[in-house]
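> Here it is, the structure in full.
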Amino acid sequence: MALIPSGFGARGGLPFQHQVLNLEKGLAISEGQKENRCLGEDKLKHLMVSTFLTGIGYRLSYDGFDCPQDRSRVVASSITFSIGLGKELRDQAQKGDTFSFKDLVADLLGIGMGLLILTTW
């Protein structure tokens, strides 16, 4: 982690000591941005929506398009992950919001939960 002054690619106009550049990820993070906790309402929403989308995608692929089970799982997982990634990219493009790897992890857990429910039910 390294501090960078404003005007060198960091978002916002916070003073020098409040701006941080995460060099491993190449993302600018400032103290004024909303909190991104590992466990919280937002992560639960990501988990639930991803579980739901995986189930819907699987059923549409398997029942609607008569795809084999394995292919339906891949299609449902891929579409759901693409939606989650697209949402994070949109968040990054919006002013005052950032890309969240934690949200993507919650999406992946939701996909896994959806596939687990589908294979055991």
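Quick note on naming: the chains in the structure tokens go A, B, ... in the order shown, residues restart at 1 in each chain, and ligands are numbered from 1 in order of appearance.
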Could you list, as a PyMOL selection string, every residue within 9 Å of range 55-67 of chain A, counting only C-alpha atoms and ignoring same-chain residues fewer than 5 positions away?

chain A and resi 50+72-77+79-80+111+114-115+117-118

> Would you save the residues from that selection as a PDB file, in the first residue's frame, using N, CA and C atoms?


```pdb
ATOM      1  N   SER A  50     -27.556 -14.031  -6.680  1.00  0.00           N
ATOM      2  CA  SER A  50     -26.786 -14.985  -7.484  1.00  0.00           C
ATOM      3  C   SER A  50     -27.361 -16.397  -7.376  1.00  0.00           C
ATOM      4  N   SER A  72     -26.163 -27.074 -18.726  1.00  0.00           N
ATOM      5  CA  SER A  72     -27.072 -26.115 -18.086  1.00  0.00           C
ATOM      6  C   SER A  72     -26.418 -25.479 -16.862  1.00  0.00           C
ATOM      7  N   ARG A  73     -25.644 -26.264 -16.116  1.00  0.00           N
ATOM      8  CA  ARG A  73     -24.922 -25.711 -14.954  1.00  0.00           C
ATOM      9  C   ARG A  73     -23.892 -24.678 -15.396  1.00  0.00           C
ATOM     10  N   VAL A  74     -23.160 -24.997 -16.452  1.00  0.00           N
ATOM     11  CA  VAL A  74     -22.135 -24.071 -16.953  1.00  0.00           C
ATOM     12  C   VAL A  74     -22.786 -22.791 -17.476  1.00  0.00           C
ATOM     13  N   VAL A  75     -23.863 -22.934 -18.228  1.00  0.00           N
ATOM     14  CA  VAL A  75     -24.561 -21.768 -18.783  1.00  0.00           C
ATOM     15  C   VAL A  75     -25.084 -20.886 -17.657  1.00  0.00           C
ATOM     16  N   ALA A  76     -25.761 -21.480 -16.683  1.00  0.00           N
ATOM     17  CA  ALA A  76     -26.328 -20.713 -15.574  1.00  0.00           C
ATOM     18  C   ALA A  76     -25.235 -20.014 -14.767  1.00  0.00           C
ATOM     19  N   SER A  77     -24.150 -20.717 -14.489  1.00  0.00           N
ATOM     20  CA  SER A  77     -23.044 -20.132 -13.719  1.00  0.00           C
ATOM     21  C   SER A  77     -22.381 -18.991 -14.481  1.00  0.00           C
ATOM     22  N   ILE A  79     -23.596 -17.089 -16.949  1.00  0.00           N
ATOM     23  CA  ILE A  79     -24.470 -15.918 -17.091  1.00  0.00           C
ATOM     24  C   ILE A  79     -24.569 -15.161 -15.774  1.00  0.00           C
ATOM     25  N   THR A  80     -24.733 -15.884 -14.681  1.00  0.00           N
ATOM     26  CA  THR A  80     -24.841 -15.238 -13.375  1.00  0.00           C
ATOM     27  C   THR A  80     -23.557 -14.501 -13.015  1.00  0.00           C
ATOM     28  N   ILE A 111     -23.587 -18.538  -6.502  1.00  0.00           N
ATOM     29  CA  ILE A 111     -23.610 -19.479  -7.628  1.00  0.00           C
ATOM     30  C   ILE A 111     -23.404 -20.899  -7.113  1.00  0.00           C
ATOM     31  N   GLY A 114     -26.506 -22.044  -5.355  1.00  0.00           N
ATOM     32  CA  GLY A 114     -27.543 -22.371  -6.327  1.00  0.00           C
ATOM     33  C   GLY A 114     -27.304 -23.724  -6.972  1.00  0.00           C
ATOM     34  N   LEU A 115     -26.059 -23.998  -7.349  1.00  0.00           N
ATOM     35  CA  LEU A 115     -25.738 -25.294  -7.947  1.00  0.00           C
ATOM     36  C   LEU A 115     -25.901 -26.427  -6.944  1.00  0.00           C
ATOM     37  N   ILE A 117     -28.006 -26.506  -4.404  1.00  0.00           N
ATOM     38  CA  ILE A 117     -29.442 -26.717  -4.244  1.00  0.00           C
ATOM     39  C   ILE A 117     -30.005 -27.487  -5.432  1.00  0.00           C
ATOM     40  N   LEU A 118     -29.566 -27.149  -6.636  1.00  0.00           N
ATOM     41  CA  LEU A 118     -30.077 -27.813  -7.833  1.00  0.00           C
ATOM     42  C   LEU A 118     -29.672 -29.277  -7.891  1.00  0.00           C
TER      43      LEU A 118
END
```

> In range 16-121 of chain A, what's alpha helix (DSSP H) per DSSP? Answer as an MDAnalysis selection string?

chainID A and resid 41:59 69:93 101:120

> Write out the residues from the selection above, keeping C-alpha atoms, as a compact mmCIF listing (two decimals), in the first residue's frame.


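In the end it all went to selection-v1.txt:
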```txt
# COMPACT_ATOMS: atom_id res chain seq x y z
CA GLU A 41 -26.58 -6.59 3.94
CA ASP A 42 -25.00 -5.90 0.54
CA LYS A 43 -23.08 -9.20 0.52
CA LEU A 44 -26.24 -11.08 1.54
CA LYS A 45 -28.08 -9.48 -1.38
CA HIS A 46 -25.31 -10.54 -3.77
CA LEU A 47 -25.46 -14.09 -2.40
CA MET A 48 -29.26 -14.34 -2.65
CA VAL A 49 -29.56 -12.77 -6.11
CA SER A 50 -26.79 -14.98 -7.48
CA THR A 51 -28.43 -18.09 -6.02
CA PHE A 52 -31.76 -17.09 -7.57
CA LEU A 53 -30.26 -16.22 -10.98
CA THR A 54 -28.33 -19.49 -11.07
CA GLY A 55 -31.53 -21.44 -10.41
CA ILE A 56 -33.52 -19.53 -13.03
CA GLY A 57 -30.70 -19.81 -15.59
CA TYR A 58 -30.38 -23.52 -14.97
CA ARG A 59 -34.12 -24.16 -15.31
CA GLN A 69 -27.48 -30.99 -16.98
CA ASP A 70 -23.75 -30.31 -17.14
CA ARG A 71 -24.12 -27.74 -19.88
CA SER A 72 -27.07 -26.11 -18.09
CA ARG A 73 -24.92 -25.71 -14.95
CA VAL A 74 -22.13 -24.07 -16.95
CA VAL A 75 -24.56 -21.77 -18.78
CA ALA A 76 -26.33 -20.71 -15.57
CA SER A 77 -23.04 -20.13 -13.72
CA SER A 78 -21.48 -18.19 -16.58
CA ILE A 79 -24.47 -15.92 -17.09
CA THR A 80 -24.84 -15.24 -13.38
CA PHE A 81 -21.13 -14.46 -12.95
CA SER A 82 -21.21 -12.19 -16.02
CA ILE A 83 -24.12 -10.24 -14.53
CA GLY A 84 -22.25 -9.84 -11.22
CA LEU A 85 -19.06 -8.77 -12.97
CA GLY A 86 -20.99 -6.30 -15.12
CA LYS A 87 -22.58 -4.82 -12.01
CA GLU A 88 -19.17 -4.33 -10.40
CA LEU A 89 -17.76 -2.72 -13.56
CA ARG A 90 -20.75 -0.37 -13.61
CA ASP A 91 -20.14 0.46 -9.95
CA GLN A 92 -16.51 1.29 -10.75
CA ALA A 93 -17.61 3.63 -13.54
CA PHE A 101 -13.87 -8.17 -5.09
CA LYS A 102 -15.82 -9.04 -1.94
CA ASP A 103 -19.07 -8.63 -3.88
CA LEU A 104 -17.73 -10.99 -6.55
CA VAL A 105 -16.86 -13.54 -3.88
CA ALA A 106 -20.42 -13.27 -2.54
CA ASP A 107 -21.67 -13.77 -6.13
CA LEU A 108 -19.51 -16.89 -6.49
CA LEU A 109 -20.77 -18.26 -3.19
CA GLY A 110 -24.34 -17.64 -4.38
CA ILE A 111 -23.61 -19.48 -7.63
CA GLY A 112 -22.18 -22.38 -5.65
CA MET A 113 -25.19 -22.41 -3.35
CA GLY A 114 -27.54 -22.37 -6.33
CA LEU A 115 -25.74 -25.29 -7.95
CA LEU A 116 -25.71 -27.19 -4.66
CA ILE A 117 -29.44 -26.72 -4.24
CA LEU A 118 -30.08 -27.81 -7.83
CA THR A 119 -27.99 -30.97 -7.55
CA THR A 120 -29.39 -32.08 -4.19
```
